[in-house]
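This report refers to the structure that appears directly beneath it.
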Amino acid sequence: MRRPADNPFRSACIDQLRYIPQDKHVDELFERLQELNYHASLLGKHGTGKTCLLDALELRLQESGKQTIRIHINADREKPSVRSIYQLHQDNTEACILIDGADSLPRFAWQRIKWKVRHAPGLIVTSHERKILPPLHRQNSNPEILQEILSRLVDQPNINAQDLWHRHAGNLRECLRQCYLDWQAQLI
């Protein structure tokens, strides 16, 4: 019987992965982010790597001497109030605010947040389709990216990345979840 702790597709392994550049390197995106005065959105469908890119940009911000505040919003968690986000900003007025899943907030709440934190040194958000701030990058996935991820997790992946990618409509998170389940069931 395989132990979950040995599964190469477990979340602890997935969380160690770094952003894989597609058409633009992180340095190029960071330069563009500077041009946008650190106020921008990362767009893309579910599971295409927006959070991974946000992680990479957050690291670059910190390396350049900027402080960051990270807020993660999703359907599984209680949404933060406008007041709590504003209070975070008030407590850290020198920090760039990074909101992952910003489009999960109602439009009215989002407009209030934008107004309340308008003087923040930066506001970077991820969104599926709603252009909340000027777009920095549209994140996409493809079978080649999936193949690269699989290669980083297992030495010689015996997985048809193209088929897996198509079965999950390009959602890399769902592809990796399927790999986790298949590994547990000894299918791979």
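Residue numbering restarts at 1 in every chain; chains get A, B, ... in the order shown in the structure tokens, and ligands count up from 1 in that same order.
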field: Residues within 8 Å of region 155-167 of chain A, only C-alpha atoms, excluding chain neighbours under 6 positions, as a list in words
entry: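 Once the nearby chain positions are removed, what remains is Asn142, Pro143, Glu144, Leu146, Gln147, Cys175 and Ile188 of chain A.
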Selected residues written out with C-alpha atoms, as a PDB file, in the first residue's frame:
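Output saved as again_17.pdb:
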```
ATOM      1  CA  ASN A 142      -0.551  24.181 -22.173  1.00  0.00           C
ATOM      2  CA  PRO A 143       0.486  20.515 -22.275  1.00  0.00           C
ATOM      3  CA  GLU A 144       4.175  21.467 -22.446  1.00  0.00           C
ATOM      4  CA  LEU A 146       2.186  20.364 -17.602  1.00  0.00           C
ATOM      5  CA  GLN A 147       4.916  18.049 -18.922  1.00  0.00           C
ATOM      6  CA  CYS A 175      -4.353  17.627 -13.610  1.00  0.00           C
ATOM      7  CA  ILE A 188       0.992   5.478 -12.393  1.00  0.00           C
TER       8      ILE A 188
END
```
- prompt: Excluding same-chain residues fewer than 3 positions from Thr48 (chain A), what lies within 8 Å of it counting only C-alpha atoms, as an MDAnalysis selection string?
  reply: chainID A and resid 44:45 139:141 170:173
- prompt: With only C-alpha atoms as the basis for distance, which of A:Ala12, A:Gln67, A:Leu43, A:Arg2 is at the shortest distance from Leu153 (chain A)?
  reply: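 Using only C-alpha atoms, Leu153 (chain A) sits closest to A:Ala12.
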query: Which residue gives the smallest distance to Asp15 (chain A) among A:Gly101, A:Pro106, A:Gly49, A:Gly65, with only C-alpha atoms counted?
result: A:Gly49
field: Close residues, His168 (chain A) itself excluded, 10 Å, only C-alpha atoms, min 6 positions apart in chain, as a ChimeraX atom specification
entry: /A:47,174-176,178
What lies within 6 Å of Leu123 (chain A) using only C-alpha atoms, ignoring chain neighbours under 4 positions off, as an mmCIF file with N, CA and C atoms, in the first residue's frame?
```
data_model
loop_
_atom_site.group_PDB
_atom_site.id
_atom_site.type_symbol
_atom_site.label_atom_id
_atom_site.label_comp_id
_atom_site.auth_asym_id
_atom_site.auth_seq_id
_atom_site.Cartn_x
_atom_site.Cartn_y
_atom_site.Cartn_z
ATOM 1 N N HIS A 39 0.565 48.591 -9.733
ATOM 2 C CA HIS A 39 -0.888 48.400 -9.649
ATOM 3 C C HIS A 39 -1.322 47.652 -10.902
ATOM 4 N N CYS A 96 3.186 46.683 -0.295
ATOM 5 C CA CYS A 96 2.378 46.390 -1.482
ATOM 6 C C CYS A 96 1.363 45.326 -1.076
ATOM 7 N N ILE A 97 0.137 45.493 -1.515
ATOM 8 C CA ILE A 97 -0.927 44.553 -1.180
ATOM 9 C C ILE A 97 -1.120 43.606 -2.350
ATOM 10 N N LEU A 98 -1.071 42.312 -2.079
ATOM 11 C CA LEU A 98 -1.270 41.282 -3.096
ATOM 12 C C LEU A 98 -2.534 40.514 -2.728
#
```
Using only C-alpha atoms, which residues of region 112-136 of chain A come within 10 Å of region 51-54 of chain A, and what is the closest atom pair for each, with the distance in Å to one decimal? Give it as a tab-separated table, sorted by chain and residue number.
```
residue	atom	partner	partner_atom	distance
A:Ile124	CA	A:Leu54	CA	8.2
A:Val125	CA	A:Leu54	CA	8.1
A:Thr126	CA	A:Thr51	CA	7.2
A:Ser127	CA	A:Thr51	CA	9.9
```
Writer output for current selection, N, CA and C atoms, as a PDB file, in the first residue's frame:
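Ended up saving to selection32.pdb:
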```pdb
ATOM      1  N   ILE A 124      -1.548  44.397  -6.351  1.00  0.00           N
ATOM      2  CA  ILE A 124      -1.455  43.394  -7.412  1.00  0.00           C
ATOM      3  C   ILE A 124      -2.459  42.303  -7.086  1.00  0.00           C
ATOM      4  N   VAL A 125      -3.280  41.963  -8.066  1.00  0.00           N
ATOM      5  CA  VAL A 125      -4.352  40.998  -7.826  1.00  0.00           C
ATOM      6  C   VAL A 125      -4.359  39.914  -8.894  1.00  0.00           C
ATOM      7  N   THR A 126      -4.936  38.774  -8.520  1.00  0.00           N
ATOM      8  CA  THR A 126      -5.232  37.754  -9.521  1.00  0.00           C
ATOM      9  C   THR A 126      -6.740  37.746  -9.731  1.00  0.00           C
ATOM     10  N   SER A 127      -7.126  37.481 -10.957  1.00  0.00           N
ATOM     11  CA  SER A 127      -8.533  37.485 -11.316  1.00  0.00           C
ATOM     12  C   SER A 127      -8.738  36.531 -12.485  1.00  0.00           C
TER      13      SER A 127
END
```
